[in-house]
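**Q** Got a file for you: final-v4.txt, compact mmCIF, C-alpha atoms.
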# COMPACT_ATOMS: atom_id res chain seq x y z
CA MET A 1 -12.82 -11.76 18.76
CA ARG A 2 -16.51 -11.34 17.95
CA ASP A 3 -16.88 -8.03 19.75
CA ASP A 4 -13.32 -7.18 20.62
CA PRO A 5 -11.55 -4.84 18.18
CA ASP A 6 -8.19 -5.41 19.86
CA ALA A 7 -8.54 -9.17 19.52
CA PHE A 8 -9.41 -8.73 15.87
CA GLY A 9 -6.33 -6.52 15.48
CA ALA A 10 -4.17 -9.25 17.02
CA PHE A 11 -5.83 -11.82 14.77
CA TYR A 12 -4.93 -9.69 11.75
CA GLU A 13 -1.34 -9.24 12.92
CA GLU A 14 -0.94 -12.95 13.34
CA HIS A 15 -2.20 -13.90 9.90
CA ALA A 16 -1.81 -10.90 7.55
CA GLN A 17 1.68 -11.51 6.28
CA GLN A 18 1.22 -15.25 5.80
CA MET A 19 -2.02 -14.61 3.99
CA LEU A 20 -0.34 -12.11 1.69
CA VAL A 21 2.27 -14.74 0.86
CA TYR A 22 -0.51 -17.28 0.31
CA PHE A 23 -2.24 -15.03 -2.24
CA THR A 24 1.04 -13.95 -3.84
CA ARG A 25 2.04 -17.53 -4.53
CA ARG A 26 -1.32 -18.19 -6.16
CA THR A 27 -1.58 -15.03 -8.24
CA MET A 28 2.14 -14.26 -8.78
CA ASP A 29 1.27 -10.61 -8.25
CA VAL A 30 1.71 -8.79 -4.95
CA GLN A 31 -0.71 -5.97 -5.86
CA ILE A 32 -3.49 -8.44 -6.59
CA ALA A 33 -2.56 -10.36 -3.46
CA LEU A 34 -2.81 -7.18 -1.39
CA ASP A 35 -6.31 -6.49 -2.66
CA LEU A 36 -7.41 -10.08 -2.03
CA MET A 37 -5.91 -10.09 1.47
CA SER A 38 -7.54 -6.76 2.31
CA GLU A 39 -10.96 -7.92 1.15
CA THR A 40 -10.53 -11.21 3.02
CA PHE A 41 -9.97 -9.42 6.32
CA ALA A 42 -12.78 -6.99 5.61
CA VAL A 43 -15.14 -9.93 5.05
CA ALA A 44 -13.80 -11.58 8.21
CA LEU A 45 -14.49 -8.42 10.19
CA GLU A 46 -18.05 -8.30 8.92
CA GLN A 47 -18.62 -11.99 9.59
CA ALA A 48 -16.85 -12.11 12.96
CA PRO A 49 -20.06 -11.64 15.01
CA ARG A 50 -21.42 -14.85 13.47
CA PHE A 51 -18.21 -16.87 13.94
CA ARG A 52 -18.71 -19.53 16.59
CA GLY A 53 -15.24 -21.12 16.70
CA ALA A 54 -13.14 -20.97 19.81
CA THR A 55 -9.71 -22.34 19.02
CA PRO A 56 -6.86 -20.79 16.99
CA GLU A 57 -7.18 -23.66 14.51
CA GLN A 58 -10.86 -22.93 13.98
CA GLU A 59 -10.13 -19.23 13.54
CA ARG A 60 -7.44 -19.99 11.01
CA GLY A 61 -9.66 -22.45 9.13
CA TRP A 62 -12.47 -19.92 9.02
CA LEU A 63 -10.14 -17.18 7.73
CA TYR A 64 -8.66 -19.35 5.00
CA ALA A 65 -12.12 -20.50 3.92
CA ILE A 66 -12.90 -16.84 3.26
CA ALA A 67 -9.55 -16.43 1.50
CA LYS A 68 -10.19 -19.43 -0.75
CA SER A 69 -13.58 -18.05 -1.66
CA GLN A 70 -12.01 -14.71 -2.62
CA LEU A 71 -9.33 -16.44 -4.65
CA ALA A 72 -11.86 -18.66 -6.43
CA HIS A 73 -13.90 -15.60 -7.38
CA PHE A 74 -10.78 -13.90 -8.73
CA LEU A 75 -9.64 -16.94 -10.71
CA ARG A 76 -13.12 -17.54 -12.09
CA ASP A 77 -14.13 -13.99 -12.98
CA GLY A 78 -10.80 -12.19 -13.23
CA ASP A 79 -11.82 -9.38 -10.92
CA ILE A 80 -11.44 -8.73 -7.22
CA ASP A 81 -14.46 -8.38 -5.02
CA ARG A 82 -14.06 -5.19 -2.93
CA ARG A 83 -17.57 -4.88 -1.58
CA ALA A 84 -16.69 -5.50 2.06
CA LEU A 85 -13.87 -2.94 1.87
CA GLN A 86 -16.29 -0.43 0.38
CA ARG A 87 -18.93 -1.11 3.03
CA LEU A 88 -16.31 -0.54 5.73
CA ASP A 89 -14.95 2.52 3.92
CA LEU A 90 -11.47 0.98 3.77
CA SER A 91 -8.82 1.20 1.08
CA PRO A 92 -6.84 -1.94 0.29
CA ALA A 93 -3.43 -2.19 1.91
CA HIS A 94 -0.58 -0.70 -0.06
CA LEU A 95 3.14 -1.36 0.19
CA THR A 96 6.25 0.46 -0.88
CA ASP A 97 8.54 -1.07 -3.49
CA PRO A 98 11.01 -2.49 -0.96
CA GLU A 99 8.09 -4.03 0.93
CA ILE A 100 6.76 -5.57 -2.29
CA GLU A 101 10.19 -7.03 -2.98
CA ARG A 102 10.22 -8.45 0.54
CA VAL A 103 6.87 -10.16 -0.05
CA GLU A 104 8.07 -11.53 -3.38
CA ASN A 105 11.08 -12.98 -1.60
CA LEU A 106 8.94 -14.45 1.16
CA ALA A 107 6.66 -15.99 -1.44
CA GLY A 108 9.60 -17.31 -3.44
CA ILE A 109 8.19 -15.80 -6.63
CA ALA A 110 11.43 -16.01 -8.60
CA GLU A 111 11.88 -19.66 -7.75
CA LEU A 112 8.22 -20.35 -8.42
CA ALA A 113 8.39 -18.62 -11.79
CA THR A 114 11.36 -20.79 -12.73
CA ARG A 115 9.43 -23.90 -11.76
CA VAL A 116 6.35 -22.79 -13.69
CA ASN A 117 8.46 -22.05 -16.77
CA GLY A 118 10.13 -25.43 -16.44
CA ALA A 119 6.85 -27.24 -16.01
CA LEU A 120 5.32 -25.34 -18.92
CA ALA A 121 8.23 -26.27 -21.16
CA ALA A 122 7.75 -29.92 -20.24
CA LEU A 123 4.10 -29.98 -21.37
CA PRO A 124 3.12 -31.45 -24.74
CA PRO A 125 3.14 -28.58 -27.30
CA GLU A 126 -0.61 -28.73 -27.89
CA GLN A 127 -1.34 -28.26 -24.18
CA ARG A 128 1.25 -25.52 -23.83
CA ASP A 129 -0.22 -23.61 -26.78
CA ALA A 130 -3.74 -24.00 -25.42
CA ILE A 131 -2.69 -22.66 -22.02
CA ARG A 132 -0.84 -19.74 -23.55
CA LEU A 133 -3.89 -18.71 -25.59
CA ARG A 134 -6.34 -19.16 -22.72
CA VAL A 135 -4.29 -17.91 -19.73
CA VAL A 136 -1.66 -15.57 -21.12
CA ASP A 137 -3.61 -14.10 -24.05
CA GLU A 138 -6.90 -14.40 -22.11
CA LEU A 139 -8.86 -15.59 -25.15
CA ASP A 140 -12.22 -17.24 -24.61
CA TYR A 141 -12.60 -20.90 -25.50
CA PRO A 142 -14.20 -20.42 -28.92
CA ALA A 143 -11.25 -18.17 -29.88
CA VAL A 144 -8.74 -20.67 -28.48
CA ALA A 145 -10.41 -23.43 -30.46
CA SER A 146 -10.39 -21.33 -33.60
CA GLN A 147 -6.68 -20.49 -33.22
CA LEU A 148 -5.78 -24.13 -32.66
CA GLY A 149 -8.07 -25.44 -35.37
CA VAL A 150 -9.86 -27.82 -33.00
CA SER A 151 -13.30 -28.05 -31.43
CA GLU A 152 -14.12 -26.00 -28.35
CA GLN A 153 -14.43 -29.21 -26.35
CA THR A 154 -10.92 -30.26 -27.38
CA ALA A 155 -9.56 -26.81 -26.53
CA ARG A 156 -11.10 -27.03 -23.06
CA ALA A 157 -9.67 -30.48 -22.53
CA ARG A 158 -6.16 -29.39 -23.52
CA VAL A 159 -6.24 -26.39 -21.20
CA SER A 160 -7.65 -28.47 -18.36
CA ARG A 161 -5.11 -31.27 -18.72
CA GLY A 162 -2.24 -28.82 -19.07
CA LEU A 163 -3.23 -26.88 -15.95
CA ARG A 164 -3.59 -30.09 -13.96
CA ALA A 165 -0.11 -31.15 -15.03
CA LEU A 166 1.29 -27.74 -14.15
CA ALA A 167 -0.37 -27.84 -10.73
CA ARG A 168 1.09 -31.27 -10.13
CA ASP A 169 4.60 -30.16 -11.04
CA VAL A 170 4.53 -26.82 -9.25
CA THR A 171 2.70 -27.70 -6.06
CA PRO A 172 5.12 -27.96 -3.12
CA LYS A 173 6.04 -31.55 -2.41
CA ALA A 174 5.04 -33.19 0.85
CA GLY A 175 7.04 -31.73 3.69
CA ALA A 176 7.51 -28.35 2.05
CA LYS A 177 6.23 -25.60 4.27
CA GLU A 178 3.63 -23.16 3.07
CA ALA A 179 0.69 -21.32 4.51
CA THR A 180 -2.61 -22.83 3.52
CA MET B 1 -5.08 -16.43 19.61
CA THR B 2 -1.62 -15.01 19.10
CA ASN B 3 1.34 -17.25 18.65
CA ASP B 4 4.29 -14.94 19.20
CA HIS B 5 6.70 -17.72 18.51
CA ASP B 6 5.67 -17.97 14.88
CA ARG B 7 4.74 -14.41 14.18
CA ASN B 8 6.89 -12.39 11.79
CA GLU B 9 7.24 -8.70 12.27
CA LEU B 10 4.63 -7.06 10.08
CA LEU B 11 5.65 -4.93 7.14
CA PRO B 12 4.83 -1.26 7.81
CA GLY B 13 2.34 -1.19 4.95
CA LEU B 14 0.47 -4.11 6.47
CA GLU B 15 0.58 -2.46 9.89
CA ARG B 16 -1.07 0.61 8.43
CA PHE B 17 -3.90 -1.44 6.97
CA GLY B 18 -4.18 -3.31 10.28
CA ALA B 19 -4.61 -0.01 12.10
CA GLU B 20 -7.40 0.98 9.68
CA LEU B 21 -9.02 -2.40 10.09
CA THR B 22 -8.90 -2.13 13.88
CA ARG B 23 -10.47 1.30 13.68
CA ALA B 24 -13.23 -0.15 11.52
CA ALA B 25 -13.68 -2.92 14.11
CA GLU B 26 -13.96 -0.31 16.86
CA ALA B 27 -16.51 1.61 14.83
CA ARG B 28 -18.61 -1.51 14.43
CA ALA B 29 -18.26 -2.50 18.09
CA ALA B 30 -19.30 0.85 19.47
CA PRO B 31 -20.72 3.15 16.85
CA ARG B 32 -21.74 5.81 19.35
CA ARG B 33 -18.29 5.96 20.83
CA ARG B 34 -16.79 6.27 17.39
CA ARG B 35 -18.82 9.26 16.23
CA ARG B 36 -16.40 11.32 14.25
CA ARG B 37 -16.26 15.05 14.05
CA VAL B 38 -15.06 16.90 11.05
CA SER B 39 -11.97 18.53 12.35
CA ARG B 40 -11.33 22.12 12.96
CA PRO B 41 -9.12 23.18 10.15
CA ILE B 42 -5.77 21.76 11.17
CA LEU B 43 -3.83 22.62 8.10
CA ALA B 44 -4.97 22.36 4.57
CA VAL B 45 -2.60 21.47 1.82
CA SER B 46 -2.04 24.48 -0.33
CA VAL B 47 -1.24 24.22 -3.96
CA ALA B 48 -1.15 27.98 -4.23
CA SER B 49 1.59 29.76 -6.00
CA LEU B 50 4.94 28.89 -4.53
CA LEU B 51 6.09 32.42 -5.20
CA VAL B 52 3.45 33.75 -2.84
CA VAL B 53 4.42 31.28 -0.15
CA GLY B 54 8.08 32.03 -0.70
CA ALA B 55 7.40 35.71 -0.20
CA ALA B 56 5.45 35.01 2.97
CA GLY B 57 8.30 32.91 4.26
CA ALA B 58 10.75 35.67 3.58
CA ALA B 59 8.79 37.95 5.87
CA VAL B 60 9.70 35.77 8.89
CA LEU B 61 12.97 36.70 10.58
CA ILE B 62 14.96 33.67 9.56
CA SER B 63 18.59 33.65 8.62
CA VAL B 64 20.12 31.17 6.20
CA GLY B 65 22.67 28.85 7.81
CA GLU B 66 24.93 26.17 6.45
CA PRO B 67 23.32 23.78 3.96
CA VAL B 68 22.42 20.37 5.32
CA LYS B 69 25.35 18.05 4.59
CA PRO B 70 24.57 15.39 1.96
CA ARG B 71 24.41 11.94 3.49
CA ALA B 72 27.08 9.49 2.55
CA ASP B 73 24.84 6.42 2.96
CA VAL B 74 22.41 7.12 0.13
CA PRO B 75 20.53 3.92 -0.71
CA PRO B 76 20.88 2.75 -4.31
CA ASN B 77 18.26 4.04 -6.72
CA SER B 78 17.01 6.70 -4.33
CA SER B 79 18.64 9.84 -5.72
CA PRO B 80 16.81 12.16 -8.12
CA ALA B 81 17.38 11.34 -11.76
CA ALA B 82 16.34 14.89 -12.73
CA ALA B 83 15.82 18.20 -10.96
CA PRO B 84 13.23 17.87 -8.17
CA GLN B 85 10.15 20.12 -8.38
CA LEU B 86 8.34 21.88 -5.57
CA ALA B 87 4.86 20.42 -5.67
CA VAL B 88 2.79 21.38 -2.61
CA THR B 89 3.04 23.69 0.36
CA ALA B 90 1.37 23.84 3.76
CA ARG B 91 1.17 26.47 6.48
CA ASP B 92 2.80 25.88 9.81
CA PRO B 93 0.34 25.66 12.73
CA ASP B 94 2.09 28.61 14.40
CA GLY B 95 2.26 30.60 11.20
CA THR B 96 6.04 30.58 11.03
CA LEU B 97 8.04 29.40 8.05
CA PRO B 98 5.78 27.34 5.77
CA TRP B 99 6.36 23.74 4.78
CA ALA B 100 6.64 22.24 1.33
CA ALA B 101 7.35 19.01 -0.47
CA ARG B 102 9.28 18.50 -3.62
CA ILE B 103 8.94 15.54 -5.93
CA TYR B 104 11.35 13.67 -8.13
CA SER B 105 11.81 10.38 -9.98
CA THR B 106 14.71 8.00 -9.61
CA ALA B 107 16.62 6.28 -12.35
CA ASP B 108 14.66 3.06 -11.77
CA GLY B 109 11.31 4.84 -12.13
CA SER B 110 10.29 5.23 -8.50
CA GLN B 111 8.22 8.28 -7.63
CA CYS B 112 9.56 10.10 -4.59
CA ILE B 113 8.75 12.97 -2.30
CA ILE B 114 10.70 14.85 0.33
CA ALA B 115 9.29 17.44 2.71
CA GLY B 116 10.76 20.25 4.78
CA ARG B 117 10.55 23.93 5.59
CA LEU B 118 10.29 26.36 2.70
CA GLN B 119 12.38 29.51 2.50
CA ALA B 120 12.67 31.61 -0.65
CA GLY B 121 11.76 28.66 -2.86
CA GLN B 122 14.25 26.32 -1.18
CA LEU B 123 13.47 23.28 0.90
CA GLY B 124 15.37 22.88 4.15
CA GLN B 125 15.46 22.35 7.88
CA LEU B 126 14.93 24.89 10.61
CA THR B 127 17.17 25.03 13.65
CA GLY B 128 16.02 27.81 15.93
CA ARG B 129 15.97 30.75 13.56
CA ASP B 130 18.48 29.32 11.11
CA PHE B 131 17.30 27.79 7.87
CA HIS B 132 19.54 25.08 6.40
CA PRO B 133 18.81 24.29 2.73
CA LEU B 134 18.62 20.63 1.78
CA PRO B 135 21.04 19.44 -0.90
CA ARG B 136 19.58 18.82 -4.33
CA ASN B 137 20.17 15.08 -4.05
CA ALA B 138 18.56 14.71 -0.61
CA TYR B 139 16.36 11.67 -0.75
CA GLY B 140 12.89 11.11 0.62
CA ALA B 141 10.15 8.50 0.54
CA CYS B 142 9.69 6.55 -2.68
CA GLY B 143 7.07 4.25 -4.13
CA ARG B 144 5.37 3.34 -7.36
CA PRO B 145 1.77 4.34 -7.03
CA THR B 146 -0.32 2.88 -9.81
CA SER B 147 -3.20 4.91 -11.12
CA ARG B 148 -5.59 4.32 -8.22
CA ARG B 149 -3.10 3.91 -5.39
CA LEU B 150 -1.02 6.09 -3.18
CA PHE B 151 1.79 5.82 -0.68
CA PHE B 152 2.52 8.02 2.26
CA THR B 153 4.78 8.33 5.22
CA THR B 154 4.68 10.15 8.51
CA GLY B 155 7.62 11.78 10.19
CA ARG B 156 9.11 14.67 12.06
CA ALA B 157 11.69 17.11 10.79
CA PRO B 158 15.01 17.07 12.65
CA GLY B 159 14.85 19.34 15.67
CA GLU B 160 11.09 19.83 15.44
CA PRO B 161 9.54 17.16 17.65
CA ASN B 162 6.19 18.92 17.89
CA ARG B 163 5.33 18.78 14.23
CA THR B 164 4.18 15.68 12.40
CA LEU B 165 4.38 15.64 8.64
CA VAL B 166 2.20 13.34 6.58
CA TYR B 167 3.20 13.30 2.94
CA GLY B 168 3.20 11.06 -0.07
CA ARG B 169 2.16 10.65 -3.66
CA ALA B 170 -0.97 9.36 -5.31
CA GLY B 171 -1.61 7.85 -8.74
CA ARG B 172 -3.10 9.73 -11.66
CA ALA B 173 -6.69 8.70 -10.99
CA VAL B 174 -6.64 10.11 -7.47
CA THR B 175 -7.92 13.68 -7.35
CA ALA B 176 -8.14 14.13 -3.59
CA MET B 177 -8.36 12.12 -0.42
CA THR B 178 -10.01 12.00 2.92
CA VAL B 179 -7.48 12.03 5.73
CA ARG B 180 -8.50 10.75 9.13
CA THR B 181 -6.49 11.17 12.30
CA PRO B 182 -7.41 11.39 15.98
CA LYS B 183 -7.47 15.15 15.40
CA GLY B 184 -10.33 14.80 12.92
CA GLU B 185 -11.08 14.36 9.27
CA GLN B 186 -10.27 16.56 6.34
CA HIS B 187 -10.55 16.64 2.57
CA VAL B 188 -7.17 17.09 0.91
CA PRO B 189 -6.61 17.79 -2.80
CA VAL B 190 -3.48 16.41 -4.42
CA GLY B 191 -0.96 18.70 -6.07
CA LEU B 192 1.62 18.38 -8.82
CA GLY B 193 2.59 14.77 -9.49
CA GLY B 194 -0.07 13.50 -7.07
CA ALA B 195 1.85 15.00 -4.14
CA PHE B 196 0.23 15.81 -0.83
CA LEU B 197 1.49 17.20 2.44
CA LEU B 198 -0.13 17.84 5.79
CA VAL B 199 1.47 19.31 8.86
CA PHE B 200 0.03 18.61 12.30
CA ASP B 201 0.71 20.21 15.61
CA GLY B 202 1.97 17.52 17.99
CA ARG B 203 2.98 13.94 17.50
CA LEU B 204 1.16 11.37 15.39
CA ASN B 205 2.41 8.05 14.11
CA TYR B 206 1.31 6.21 11.03
CA ARG B 207 -1.13 4.08 12.99
CA ASP B 208 -3.03 7.27 13.71
CA VAL B 209 -3.37 8.23 10.07
CA SER B 210 -5.61 6.75 7.40
CA LEU B 211 -5.95 8.01 3.86
CA HIS B 212 -8.88 7.25 1.59
CA PRO B 213 -8.38 8.11 -2.08
CA ILE B 214 -11.11 9.93 -3.99
CA TYR B 215 -11.21 9.37 -7.75
Let me see the file written as structure tokens.
**A**
Amino acid sequence: MRDDPDAFGAFYEEHAQQMLVYFTRRTMDVQIALDLMSETFAVALEQAPRFRGATPEQERGWLYAIAKSQLAHFLRDGDIDRRALQRLDLSPAHLTDPEIERVENLAGIAELATRVNGALAALPPEQRDAIRLRVVDELDYPAVASQLGVSEQTARARVSRGLRALARDVTPKAGAKEAT
Amino acid sequence: MTNDHDRNELLPGLERFGAELTRAAEARAAPRRRRRRVSRPILAVSVASLLVVGAAGAAVLISVGEPVKPRADVPPNSSPAAAPQLAVTARDPDGTLPWAARIYSTADGSQCIIAGRLQAGQLGQLTGRDFHPLPRNAYGACGRPTSRRLFFTTGRAPGEPNRTLVYGRAGRAVTAMTVRTPKGEQHVPVGLGGAFLLVFDGRLNYRDVSLHPIY
């Protein structure tokens, strides 16, 4: 794959759709997932000459390490890194509406949204309010604390605990199949 | 590396990006081999007055035949919710009847585009020297381009296997695009409603075409 464009093309074909589903399930937004997937493969293309793995498992692990890094950047900073795409003069992938619906179905977005709503409703009210202010309204922690009438440290703790509980309730149970 | 057993068929949109990615990989693997030329002018999109183009089309000896029959199997939410508008035109490589694309929106808010030959302000299909107008509710390619995105499709008009049409719509922030094909590279402005249309001599498929928006 290091110097073989066709092999890289086959590598992309093998993983692209699963990766799009992976990002869609974690962002709940196919457009964002498309941008993250595109940048992931652009980074992989740039880094391929330095990749020393030989097996399909190593290739997959390497690719998903890049994907996790892209996702972490997005979740931390709220924006999508597109530098590799720009360096390669590539535009992110784009899909038609029926294709987007197909990805949403593959990712089980409707079912996931139901589970998230259910898990959110099951949280203690103070955690649910903290998450709504921080995640939905995108307020910073001082503003969340001010709205809730608590210290910033308490606001952070409520958001953190609530998100952990949500993750626990929404994460597929053992045996459920999902791309990683 | 490939496990065909587990592989799903790729969505066309992902295939298009894969083709671009592979081209980028080829460019990195052999930069000298991949030197690109700016193309000879293949066909530029024209957003010139449709009246002028209509008049030029009328000068060609084309008779008007039966309208194209409306299709019975129209997908849901694909028909125009309001009157379609002619948005862009393009010359034919042989200088015969020009091409055009008209745009419309559907009831569910999708932005659509349909392309064909242009005769006296009407869009249609050409069979020999007969022009067959398309019905008003003929449906084309639809998408929902956000401000900085676009969608496009490639295809051939019925009975015209030696012409490839590349057409689509871009979001509001897109002012033009760079279009790359094996035939070369060209700068293409967008027309009304973000519409664009290119007509190529010969056969291309979507893997051969990459579009790069310019904002």
**Q** Just need the residues of chain B within 10 Å of chain A, counting all atoms listed in the file, so spit them out as an MDAnalysis selection string.
**A** chainID B and resid 1:4 6:30 110 141:146 149:152 210:213
**Q** How far is it from atom CA of Leu120 of chain A to atom CA of Asp137 of chain A, in Å with one decimal?
**A** 15.2 Å
**Q** I'd like the neighbourhood of segment 150-157 of chain A as a PDB file with C-alpha atoms, in the frame of the given file, where a residue qualifies if any of its atoms comes within 10 Å (using only C-alpha atoms), though same-chain residues fewer than 4 positions away should be ignored.
**A**
ATOM      1  CA  GLU A 126      -0.610 -28.730 -27.890  1.00  0.00           C
ATOM      2  CA  GLN A 127      -1.340 -28.260 -24.180  1.00  0.00           C
ATOM      3  CA  ASP A 129      -0.220 -23.610 -26.780  1.00  0.00           C
ATOM      4  CA  ALA A 130      -3.740 -24.000 -25.420  1.00  0.00           C
ATOM      5  CA  ILE A 131      -2.690 -22.660 -22.020  1.00  0.00           C
ATOM      6  CA  LEU A 133      -3.890 -18.710 -25.590  1.00  0.00           C
ATOM      7  CA  ARG A 134      -6.340 -19.160 -22.720  1.00  0.00           C
ATOM      8  CA  ASP A 140     -12.220 -17.240 -24.610  1.00  0.00           C
ATOM      9  CA  TYR A 141     -12.600 -20.900 -25.500  1.00  0.00           C
ATOM     10  CA  PRO A 142     -14.200 -20.420 -28.920  1.00  0.00           C
ATOM     11  CA  ALA A 143     -11.250 -18.170 -29.880  1.00  0.00           C
ATOM     12  CA  VAL A 144      -8.740 -20.670 -28.480  1.00  0.00           C
ATOM     13  CA  ALA A 145     -10.410 -23.430 -30.460  1.00  0.00           C
ATOM     14  CA  SER A 146     -10.390 -21.330 -33.600  1.00  0.00           C
ATOM     15  CA  ARG A 161      -5.110 -31.270 -18.720  1.00  0.00           C
ATOM     16  CA  GLY A 162      -2.240 -28.820 -19.070  1.00  0.00           C
ATOM     17  CA  LEU A 163      -3.230 -26.880 -15.950  1.00  0.00           C
TER      18      LEU A 163
END
**Q** Could you work out an axis-aligned box for segment 126-135 of chain B, taking every atom the file lists and adding 6 Å on each side, and report centre and edge lengths in Å to one decimal, as AutoDock Vina command-line options?
**A**
--center_x 18.0 --center_y 25.1 --center_z 7.5 --size_x 18.1 --size_y 23.3 --size_z 28.8
**Q** Can you measure atom CA of Thr178 of chain B to atom CA of Ile103 of chain B for me? One decimal in Å is fine.
**A** 21.2 Å
**Q** Nearest to Thr153 of chain B: which of B:Asp208, B:Glu185, B:Asp108, B:Asp94 is it, counting all atoms listed in the file?
**A**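 So, comparing all the options, the nearest one is B:Asp208.
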**Q** Can you work out the spacing between atom CA of Leu197 of chain B and atom CA of Ala107 of chain B in Å, to one decimal?
**A**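 If I compute the distance from atom CA of Leu197 of chain B to atom CA of Ala107 of chain B, I get 23.8 Å.
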**Q** Given the choices B:Gln125, B:Thr175, B:Ser105, B:Gln186, which gets closest to Ser147 of chain B if the distance is worked out from only C-alpha atoms?
**A**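 For Ser147 of chain B, the nearest of the given residues is B:Thr175.
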**Q** Which residue out of B:Ile113, B:Glu66, B:Asn137, B:Arg102 has the minimum interatomic distance to Ala81 of chain B when all atoms listed in the file are used?
**A**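 Closest residue, counting all atoms listed in the file: B:Asn137.
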**Q** Taking all atoms listed in the file into account, name the residue in B:Val209, B:Met177, B:Arg163, B:Leu97 that is nearest to Phe131 of chain B.
**A**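 Going through B:Val209, B:Met177, B:Arg163, B:Leu97 one by one, the smallest distance to Phe131 of chain B is for B:Leu97.
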**Q** Quick one: residues within 9 Å of Ile32 of chain A, only C-alpha atoms, excluding same-chain residues fewer than 6 positions away - as a list in words?
**A**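 Those residues are Phe23, Thr24 and Ile80 of chain A.
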**Q** Using all atoms listed in the file, pick whichever of A:Ala113, A:Ala121, A:Val21, A:Leu36 has the shortest atom-to-atom distance to Phe74 of chain A.
**A**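 Selected residue with least distance to Phe74 of chain A: A:Leu36.
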**Q** Using the incomplete input, complete segment 104-117 of chain A to the level of N, CA and C atoms; output as a PDB file, in the coordinates of the input.
**A**
ATOM      1  N   GLU A 104       7.709 -10.629  -2.279  1.00  0.00           N
ATOM      2  CA  GLU A 104       8.070 -11.530  -3.380  1.00  0.00           C
ATOM      3  C   GLU A 104       9.125 -12.539  -2.938  1.00  0.00           C
ATOM      4  N   ASN A 105      10.059 -12.062  -2.116  1.00  0.00           N
ATOM      5  CA  ASN A 105      11.080 -12.980  -1.600  1.00  0.00           C
ATOM      6  C   ASN A 105      10.458 -14.010  -0.662  1.00  0.00           C
ATOM      7  N   LEU A 106       9.587 -13.524   0.235  1.00  0.00           N
ATOM      8  CA  LEU A 106       8.940 -14.450   1.160  1.00  0.00           C
ATOM      9  C   LEU A 106       8.131 -15.504   0.414  1.00  0.00           C
ATOM     10  N   ALA A 107       7.510 -15.066  -0.671  1.00  0.00           N
ATOM     11  CA  ALA A 107       6.660 -15.990  -1.440  1.00  0.00           C
ATOM     12  C   ALA A 107       7.489 -16.862  -2.385  1.00  0.00           C
ATOM     13  N   GLY A 108       8.749 -16.520  -2.542  1.00  0.00           N
ATOM     14  CA  GLY A 108       9.600 -17.310  -3.440  1.00  0.00           C
ATOM     15  C   GLY A 108       9.153 -17.210  -4.880  1.00  0.00           C
ATOM     16  N   ILE A 109       8.757 -15.980  -5.290  1.00  0.00           N
ATOM     17  CA  ILE A 109       8.190 -15.800  -6.630  1.00  0.00           C
ATOM     18  C   ILE A 109       9.197 -16.165  -7.721  1.00  0.00           C
ATOM     19  N   ALA A 110      10.446 -15.745  -7.544  1.00  0.00           N
ATOM     20  CA  ALA A 110      11.430 -16.010  -8.600  1.00  0.00           C
ATOM     21  C   ALA A 110      11.603 -17.514  -8.801  1.00  0.00           C
ATOM     22  N   GLU A 111      11.696 -18.217  -7.672  1.00  0.00           N
ATOM     23  CA  GLU A 111      11.880 -19.660  -7.750  1.00  0.00           C
ATOM     24  C   GLU A 111      10.639 -20.333  -8.330  1.00  0.00           C
ATOM     25  N   LEU A 112       9.477 -19.791  -7.928  1.00  0.00           N
ATOM     26  CA  LEU A 112       8.220 -20.350  -8.420  1.00  0.00           C
ATOM     27  C   LEU A 112       8.075 -20.128  -9.922  1.00  0.00           C
ATOM     28  N   ALA A 113       8.478 -18.927 -10.360  1.00  0.00           N
ATOM     29  CA  ALA A 113       8.390 -18.620 -11.790  1.00  0.00           C
ATOM     30  C   ALA A 113       9.285 -19.564 -12.590  1.00  0.00           C
ATOM     31  N   THR A 114      10.446 -19.854 -12.048  1.00  0.00           N
ATOM     32  CA  THR A 114      11.360 -20.790 -12.730  1.00  0.00           C
ATOM     33  C   THR A 114      10.721 -22.165 -12.836  1.00  0.00           C
ATOM     34  N   ARG A 115      10.069 -22.572 -11.723  1.00  0.00           N
ATOM     35  CA  ARG A 115       9.430 -23.900 -11.760  1.00  0.00           C
ATOM     36  C   ARG A 115       8.262 -23.926 -12.734  1.00  0.00           C
ATOM     37  N   VAL A 116       7.483 -22.832 -12.759  1.00  0.00           N
ATOM     38  CA  VAL A 116       6.350 -22.790 -13.690  1.00  0.00           C
ATOM     39  C   VAL A 116       6.865 -22.842 -15.129  1.00  0.00           C
ATOM     40  N   ASN A 117       7.913 -22.053 -15.405  1.00  0.00           N
ATOM     41  CA  ASN A 117       8.460 -22.050 -16.770  1.00  0.00           C
ATOM     42  C   ASN A 117       8.965 -23.448 -17.149  1.00  0.00           C
TER      43      ASN A 117
END
